[in-house]
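Q: My structure is stored as work.txt, with compact mmCIF, C-alpha atoms.
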# COMPACT_ATOMS: atom_id res chain seq x y z
CA MET A 167 -18.76 -3.19 16.25
CA ASN A 168 -17.27 -0.95 18.96
CA ALA A 169 -13.83 -2.40 18.27
CA VAL A 170 -14.23 -1.58 14.57
CA PHE A 171 -15.12 2.07 15.27
CA LYS A 172 -12.22 2.33 17.73
CA ALA A 173 -9.84 0.90 15.11
CA LEU A 174 -11.05 3.22 12.36
CA ALA A 175 -10.96 6.32 14.57
CA ASP A 176 -7.18 6.60 14.37
CA PRO A 177 -5.57 8.02 11.14
CA THR A 178 -2.49 5.78 11.45
CA ARG A 179 -4.62 2.64 11.58
CA ARG A 180 -6.72 3.89 8.67
CA HIS A 181 -3.54 4.47 6.69
CA VAL A 182 -2.39 0.91 7.51
CA LEU A 183 -5.66 -0.45 6.13
CA GLU A 184 -5.36 1.71 3.01
CA LEU A 185 -1.83 0.37 2.41
CA LEU A 186 -3.09 -3.19 2.82
CA ARG A 187 -5.78 -2.55 0.20
CA ALA A 188 -3.03 -2.68 -2.44
CA ARG A 189 -1.40 -5.92 -1.28
CA PRO A 190 -0.51 -7.97 1.80
CA MET A 191 2.56 -6.55 3.58
CA THR A 192 4.98 -7.59 6.30
CA ALA A 193 4.98 -5.76 9.63
CA GLY A 194 8.34 -4.20 8.70
CA GLU A 195 7.10 -2.90 5.35
CA LEU A 196 4.09 -1.33 7.02
CA ALA A 197 6.16 0.19 9.85
CA ASP A 198 8.49 1.84 7.28
CA HIS A 199 5.62 4.07 6.17
CA PHE A 200 5.20 5.63 9.63
CA PRO A 201 7.56 7.77 11.73
CA VAL A 202 6.64 6.01 14.97
CA SER A 203 8.35 3.46 17.20
CA LYS A 204 7.91 -0.29 16.75
CA PRO A 205 6.01 -0.72 20.04
CA THR A 206 3.54 1.96 18.92
CA MET A 207 3.04 0.20 15.59
CA SER A 208 2.61 -3.13 17.39
CA ALA A 209 -0.13 -1.54 19.51
CA HIS A 210 -1.87 -0.31 16.34
CA PHE A 211 -1.60 -3.78 14.77
CA ALA A 212 -3.03 -5.35 17.94
CA ILE A 213 -6.07 -3.06 17.83
CA LEU A 214 -6.64 -3.90 14.15
CA ARG A 215 -6.33 -7.63 14.89
CA GLU A 216 -8.69 -7.32 17.85
CA ALA A 217 -11.29 -5.67 15.59
CA ASP A 218 -10.78 -8.52 13.05
CA LEU A 219 -9.89 -6.02 10.33
CA VAL A 220 -6.55 -7.65 9.47
CA ASP A 221 -5.37 -11.23 9.17
CA VAL A 222 -1.92 -12.27 10.35
CA GLN A 223 0.07 -15.04 8.71
CA LYS A 224 3.55 -16.13 9.80
CA GLN A 225 5.98 -17.12 7.06
CA GLY A 226 9.31 -18.06 8.58
CA LYS A 227 10.44 -15.00 10.51
CA ALA A 228 8.16 -12.60 8.62
CA VAL A 229 4.72 -11.65 9.89
CA ILE A 230 2.44 -10.87 6.96
CA TYR A 231 -0.64 -8.69 7.40
CA ARG A 232 -3.61 -8.96 5.04
CA LEU A 233 -6.76 -6.90 4.77
CA LYS A 234 -9.81 -8.59 6.28
CA LEU A 235 -12.57 -6.02 5.85
CA SER A 236 -16.19 -6.87 5.18
CA VAL A 237 -17.86 -4.75 2.48
CA LEU A 238 -19.58 -2.67 5.18
CA GLU A 239 -16.29 -2.10 7.04
CA ASP A 240 -14.58 -1.23 3.74
CA ALA A 241 -17.30 1.32 2.96
CA LEU A 242 -17.02 2.70 6.50
CA LEU A 243 -13.24 3.08 6.07
CA GLY A 244 -13.80 4.98 2.82
CA PHE A 245 -16.47 7.16 4.41
CA VAL A 246 -14.34 8.02 7.47
CA GLY A 247 -11.33 8.72 5.22
CA ALA A 248 -13.35 11.00 2.94
CA PHE A 249 -14.97 12.76 5.89
CA SER A 250 -11.63 13.43 7.64
CA ALA A 251 -10.11 14.68 4.34
CA VAL A 252 -13.02 17.10 3.88
CA SER A 253 -12.83 18.31 7.49
CA ASP A 254 -9.03 18.77 7.19
CA ALA A 255 -9.50 20.78 3.99
CA ALA A 256 -12.18 22.91 5.63
CA GLN A 257 -9.90 23.70 8.57
CA LYS A 258 -6.85 24.69 6.47
CA PRO A 259 -8.07 28.08 5.09
CA ALA A 260 -9.19 29.14 8.55
CA ARG A 261 -5.66 29.06 9.99
CA PRO A 262 -4.10 31.99 8.00
CA VAL A 263 -7.15 34.14 8.71
CA LEU A 264 -6.81 33.46 12.42
CA LYS A 265 -3.11 34.35 12.27
CA LYS A 266 -3.86 37.64 10.51
CA GLU A 267 -6.50 38.49 13.05
CA ALA A 268 -4.14 37.67 15.91
CA SER A 269 -1.38 39.91 14.46
CA ARG A 270 -3.71 42.95 14.37
CA MET B 182 -17.08 -15.52 14.39
CA THR B 183 -16.58 -19.26 14.95
CA ARG B 184 -17.58 -21.96 12.46
CA ASN B 185 -20.37 -23.15 14.80
CA THR B 186 -21.79 -19.63 15.09
CA ARG B 187 -21.73 -19.24 11.29
CA LEU B 188 -23.45 -22.61 10.87
CA THR B 189 -26.12 -21.72 13.44
CA LEU B 190 -26.76 -18.35 11.78
CA SER B 191 -26.95 -19.96 8.32
CA LEU B 192 -29.46 -22.56 9.54
CA ALA B 193 -31.49 -19.83 11.24
CA ALA B 194 -31.49 -17.79 8.02
CA ALA B 195 -32.60 -20.84 6.00
CA GLY B 196 -35.40 -21.47 8.53
CA GLY B 197 -36.40 -17.83 8.32
CA PHE B 198 -36.60 -18.06 4.53
CA LEU B 199 -38.77 -21.18 4.64
CA ALA B 200 -41.04 -19.54 7.23
CA ALA B 201 -41.31 -16.37 5.13
CA ALA B 202 -42.14 -18.39 1.99
CA LEU B 203 -44.81 -20.33 3.90
CA ALA B 204 -46.28 -17.13 5.39
CA LEU B 205 -46.40 -15.50 1.95
CA LYS B 206 -48.08 -18.59 0.46
CA LEU B 207 -50.71 -18.56 3.23
CA ALA B 208 -51.27 -14.80 2.79
CA GLU B 209 -51.70 -15.35 -0.95
CA LYS B 210 -54.13 -18.23 -0.31
CA ASP B 211 -56.19 -16.07 2.07
CA GLY B 212 -56.37 -13.32 -0.55
CA LEU B 213 -54.27 -10.87 1.49
CA MET B 214 -51.89 -10.32 -1.42
CA SER B 215 -51.58 -11.22 -5.08
CA HIS B 216 -49.28 -13.92 -6.39
CA GLU B 217 -47.05 -11.28 -7.99
CA THR B 218 -46.68 -9.34 -4.73
CA ALA B 219 -45.77 -12.53 -2.84
CA VAL B 220 -43.12 -13.39 -5.43
CA ARG B 221 -41.70 -9.86 -5.33
CA VAL B 222 -41.50 -9.85 -1.51
CA LEU B 223 -39.58 -13.12 -1.66
CA GLN B 224 -37.29 -11.65 -4.33
CA VAL B 225 -36.57 -8.64 -2.10
CA LEU B 226 -35.72 -10.98 0.79
CA THR B 227 -33.46 -13.04 -1.50
CA GLY B 228 -31.62 -9.91 -2.69
CA LEU B 229 -31.11 -8.66 0.86
CA ALA B 230 -29.89 -12.09 2.00
CA LEU B 231 -27.40 -12.16 -0.87
CA ALA B 232 -26.14 -8.68 0.09
CA VAL B 233 -25.70 -9.72 3.74
CA TYR B 234 -23.90 -12.95 2.79
CA ALA B 235 -21.69 -11.19 0.22
CA ASN B 236 -20.75 -8.58 2.82
CA PHE B 237 -18.65 -11.23 4.58
CA ILE B 238 -17.01 -12.74 1.45
CA PRO B 239 -13.81 -10.60 1.78
CA LYS B 240 -13.31 -11.96 5.30
CA THR B 241 -12.99 -15.56 4.09
CA LEU B 242 -9.24 -15.40 3.49
CA LYS B 243 -7.18 -18.54 2.90
CA ALA B 244 -3.49 -18.99 3.61
CA PHE B 245 -1.10 -18.71 0.64
CA ARG B 246 2.67 -19.18 0.52
CA ASP B 247 3.02 -17.29 -2.75
CA PRO B 248 2.66 -13.50 -2.21
CA ALA B 249 1.36 -12.93 -5.76
CA ALA B 250 -1.38 -15.54 -5.25
CA ALA B 251 -2.27 -14.00 -1.86
CA GLU B 252 -2.55 -10.56 -3.46
CA ARG B 253 -4.77 -11.83 -6.29
CA ALA B 254 -6.95 -13.86 -3.91
CA GLN B 255 -7.46 -10.81 -1.67
CA ALA B 256 -8.39 -8.66 -4.68
CA ALA B 257 -10.76 -11.32 -6.05
CA LEU B 258 -12.54 -11.68 -2.69
CA ARG B 259 -12.98 -7.91 -2.45
CA VAL B 260 -14.36 -7.72 -5.98
CA ALA B 261 -16.73 -10.63 -5.31
CA GLY B 262 -17.87 -9.10 -2.00
CA TRP B 263 -18.56 -5.66 -3.45
CA SER B 264 -20.15 -6.96 -6.66
CA PHE B 265 -22.54 -9.37 -4.98
CA THR B 266 -23.41 -6.90 -2.19
CA LEU B 267 -24.29 -4.18 -4.69
CA GLY B 268 -25.90 -6.76 -7.01
CA GLY B 269 -28.02 -8.12 -4.14
CA LEU B 270 -29.10 -4.64 -3.06
CA GLY B 271 -29.84 -3.73 -6.70
CA TYR B 272 -31.85 -6.94 -7.18
CA ALA B 273 -33.85 -6.22 -4.00
CA ALA B 274 -34.49 -2.59 -5.02
CA ALA B 275 -35.49 -3.54 -8.59
CA SER B 276 -37.79 -6.27 -7.27
CA ALA B 277 -39.50 -3.78 -4.94
CA LEU B 278 -40.19 -1.36 -7.80
CA PRO B 279 -42.97 -1.87 -10.38
CA ILE B 280 -40.56 -2.66 -13.21
CA PRO B 281 -40.07 -5.88 -15.20
CA ASP B 282 -38.28 -8.80 -13.52
CA THR B 283 -35.71 -8.80 -16.30
CA VAL B 284 -34.18 -5.59 -14.89
CA ALA B 285 -33.59 -7.25 -11.51
CA LEU B 286 -32.16 -10.32 -13.19
CA ALA B 287 -29.95 -8.18 -15.43
CA ILE B 288 -28.46 -6.46 -12.36
CA LEU B 289 -27.69 -9.79 -10.72
CA GLY B 290 -26.40 -11.25 -13.99
CA THR B 291 -24.05 -8.31 -14.51
CA ALA B 292 -22.63 -8.70 -10.98
CA THR B 293 -22.14 -12.44 -11.48
CA ALA B 294 -20.53 -12.00 -14.91
CA TYR B 295 -18.16 -9.35 -13.54
CA VAL B 296 -17.06 -11.58 -10.66
CA LEU B 297 -16.59 -14.63 -12.92
CA GLY B 298 -14.64 -12.52 -15.41
CA TYR B 299 -12.40 -11.05 -12.71
CA VAL B 300 -11.72 -14.44 -11.11
CA ALA B 301 -10.90 -15.96 -14.52
CA TRP B 302 -8.55 -13.06 -15.26
CA ALA B 303 -6.91 -13.39 -11.81
CA VAL B 304 -6.36 -17.14 -12.26
CA VAL B 305 -5.02 -16.84 -15.80
CA THR B 306 -2.64 -13.95 -15.09
CA CYS B 307 -1.38 -15.23 -11.74
CA ARG B 308 1.96 -16.95 -12.23
CA PRO B 309 2.89 -18.80 -9.01
CA ALA B 310 6.45 -18.15 -7.89
CA ARG B 311 8.84 -21.06 -7.52
CA GLY B 312 7.82 -22.96 -4.39
CA GLY B 313 4.40 -21.28 -4.43
CA SER B 314 1.36 -23.24 -3.45
CA ALA B 315 -2.34 -23.58 -3.91
CA PRO B 316 -4.57 -22.24 -1.16
CA GLN B 317 -4.54 -24.22 2.05
CA ALA B 318 -8.05 -24.84 3.31
Any chance you could put this one into structure tokens?
A:
Amino acid sequence: MNAVFKALADPTRRHVLELLRARPMTAGELADHFPVSKPTMSAHFAILREADLVDVQKQGKAVIYRLKLSVLEDALLGFVGAFSAVSDAAQKPARPVLKKEASR
Amino acid sequence: MTRNTRLTLSLAAAGGFLAAALALKLAEKDGLMSHETAVRVLQVLTGLALAVYANFIPKTLKAFRDPAAAERAQAALRVAGWSFTLGGLGYAAASALPIPDTVALAILGTATAYVLGYVAWAVVTCRPARGGSAPQA
């Protein structure tokens, strides 16, 4: 379960899982959604595989990733995503106020 | 989780169920609980077991060559997992409450009908691409 929490803690990995909710995707298709290097993406994929949250299938040269979440893990992903969205939204209005206070 | 581990856990769960049923029967015989209470406790256990089992349904992926079939299969497994997990929890909750059994059965029946309907729709609307294949076990 530790591996699952570690995998879900990172926003990039959560975004990968959310993309895979729609359909299975190749490693290249997934990497195109992120402005990070291929080795970084490979490290993210490895962590997701280690946590058994994705399934990997080789078709010729393509490596296809599929979602492999249990219902509990799926609910946890939704909960963490909703919680981080709420905490991001709560932090946003505070920034301009802090800037105004700093300029005084 | 390996196949052997899954088999061991399944056998242990089956043994646990038989032991629970026997214990409830003995408790009923000794006058510790009524027949209805014993039945309801077993129903709660059944609902919880269904929810636990259904939790892992989306993890039982099979290999597909056709991307459309893989997409539909993934969606169907997720629908089945969620429906039966919620249905199992609903069945357990309804069995624990002093309401008619038909409510618990209706919850489970709705979940089953939804899954069967979705799977039928997925099979009918899925057109395998040329060179596509059936799932490989």
Q: For atom CA of B:Ala294 and atom CA of A:Leu186, quote the distance in Å rounded to one decimal.
A: 26.4 Å
Q: Go through B:Ala194, B:Ala235, B:Ala249, B:Ala257 one by one, measure the shortest atom-to-atom distance of each to B:Gly269 using only C-alpha atoms, and give the residue with the smallest value.
A: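 The closest residue to B:Gly269 is B:Ala235.
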Q: Give as a PyMOL selection string every residue of chain A that touches chain B within 7 Å, counting all atoms listed in the file.
A: chain A and resi 189-190+234-238
Q: Those selected residues, please, written with C-alpha atoms and delivered as a compact mmCIF listing (two decimals), keeping the file's coordinate frame.
A:
# COMPACT_ATOMS: atom_id res chain seq x y z
CA ARG A 189 -1.40 -5.92 -1.28
CA PRO A 190 -0.51 -7.97 1.80
CA LYS A 234 -9.81 -8.59 6.28
CA LEU A 235 -12.57 -6.02 5.85
CA SER A 236 -16.19 -6.87 5.18
CA VAL A 237 -17.86 -4.75 2.48
CA LEU A 238 -19.58 -2.67 5.18
Q: Atom CA of B:Thr227 and atom CA of B:Ala204, how far apart in Å?
A: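 Atom CA of B:Ala204 sits 15.1 Å away from atom CA of B:Thr227.
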Q: Stretch 283-300 of chain B, all listed atoms, 5 Å padding on each side: what axis-aligned box centre and edge lengths in Å to one decimal come out, as AutoDock Vina command-line options?
A:
--center_x -23.7 --center_y -10.1 --center_z -13.5 --size_x 34.0 --size_y 19.0 --size_z 15.6
Q: So the first atom is atom CA of B:Ala273 and the second is atom CA of B:Ala202; what is the distance between them in Å, to one decimal place?
A: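 The value is 15.9 Å.
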Q: Please provide the set of residues having any atom within 10 Å of A:Glu184, restricted to only C-alpha atoms, with same-chain residues fewer than 4 positions apart removed, written as a VMD selection string.
A: chain A and resid 178 to 180 188 to 189 233 240 243 to 244 247
Q: Which is closest to A:Glu195 among A:Val252, A:Gln257, A:Ala228, A:Ala212, if we use only C-alpha atoms?
A: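 Nearest to A:Glu195: A:Ala228.
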Q: With all atoms listed in the file as the counted atoms, please give the residues lying no more than 10 Å from stretch 169-172 of chain A, apart from itself and same-chain residues fewer than 2 positions off, as a list in words.
A: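 Those residues are Met167, Leu174, Ala175, Asp176, Arg179, Ile213, Leu214, Arg215, Glu216, Ala217, Asp218, Leu219, Leu235, Glu239, Leu242, Leu243 and Val246 of chain A.
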Q: Give me a file of those residues, with C-alpha atoms, as a short mmCIF file (atom, residue, chain, number, x, y, z; two decimals), in the frame of the given file.
A:
data_model
loop_
_atom_site.label_atom_id
_atom_site.label_comp_id
_atom_site.auth_asym_id
_atom_site.auth_seq_id
_atom_site.Cartn_x
_atom_site.Cartn_y
_atom_site.Cartn_z
CA MET A 167 -18.76 -3.19 16.25
CA LEU A 174 -11.05 3.22 12.36
CA ALA A 175 -10.96 6.32 14.57
CA ASP A 176 -7.18 6.60 14.37
CA ARG A 179 -4.62 2.64 11.58
CA ILE A 213 -6.07 -3.06 17.83
CA LEU A 214 -6.64 -3.90 14.15
CA ARG A 215 -6.33 -7.63 14.89
CA GLU A 216 -8.69 -7.32 17.85
CA ALA A 217 -11.29 -5.67 15.59
CA ASP A 218 -10.78 -8.52 13.05
CA LEU A 219 -9.89 -6.02 10.33
CA LEU A 235 -12.57 -6.02 5.85
CA GLU A 239 -16.29 -2.10 7.04
CA LEU A 242 -17.02 2.70 6.50
CA LEU A 243 -13.24 3.08 6.07
CA VAL A 246 -14.34 8.02 7.47
#
Q: B:Val225: which residues within 9 Å, counting all atoms listed in the file, same-chain residues fewer than 2 positions away excluded, as a list of chain:residue names?
A: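 The filter keeps B:Val220, B:Arg221, B:Val222, B:Leu223, B:Thr227, B:Gly228, B:Leu229, B:Ala230, B:Gly269, B:Leu270, B:Tyr272, B:Ala273, B:Ala274, B:Ala275, B:Ser276, B:Ala277.
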Q: Once you have the residues from the selection above, write them out as a CSV table (one decimal), in the coordinates of the input, restricted to C-alpha atoms.
A:
chain,number,residue,atom,x,y,z
B,220,VAL,CA,-43.1,-13.4,-5.4
B,221,ARG,CA,-41.7,-9.9,-5.3
B,222,VAL,CA,-41.5,-9.8,-1.5
B,223,LEU,CA,-39.6,-13.1,-1.7
B,227,THR,CA,-33.5,-13.0,-1.5
B,228,GLY,CA,-31.6,-9.9,-2.7
B,229,LEU,CA,-31.1,-8.7,0.9
B,230,ALA,CA,-29.9,-12.1,2.0
B,269,GLY,CA,-28.0,-8.1,-4.1
B,270,LEU,CA,-29.1,-4.6,-3.1
B,272,TYR,CA,-31.8,-6.9,-7.2
B,273,ALA,CA,-33.8,-6.2,-4.0
B,274,ALA,CA,-34.5,-2.6,-5.0
B,275,ALA,CA,-35.5,-3.5,-8.6
B,276,SER,CA,-37.8,-6.3,-7.3
B,277,ALA,CA,-39.5,-3.8,-4.9
Q: Could you check the closest approach to B:Trp302 for each of B:Gly290, B:Leu226, B:Ala254, B:Gly196 and tell me which residue wins, using only C-alpha atoms?
A: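 Using only C-alpha atoms, the shortest distance to B:Trp302 belongs to B:Ala254.
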Q: Select all residues near (4.3, -9.4, 3.8) (cut-off 7 Å, inclusive, file coordinates), counting only C-alpha atoms, and output them as a PyMOL selection string.
A: chain A and resi 190-193+228-231
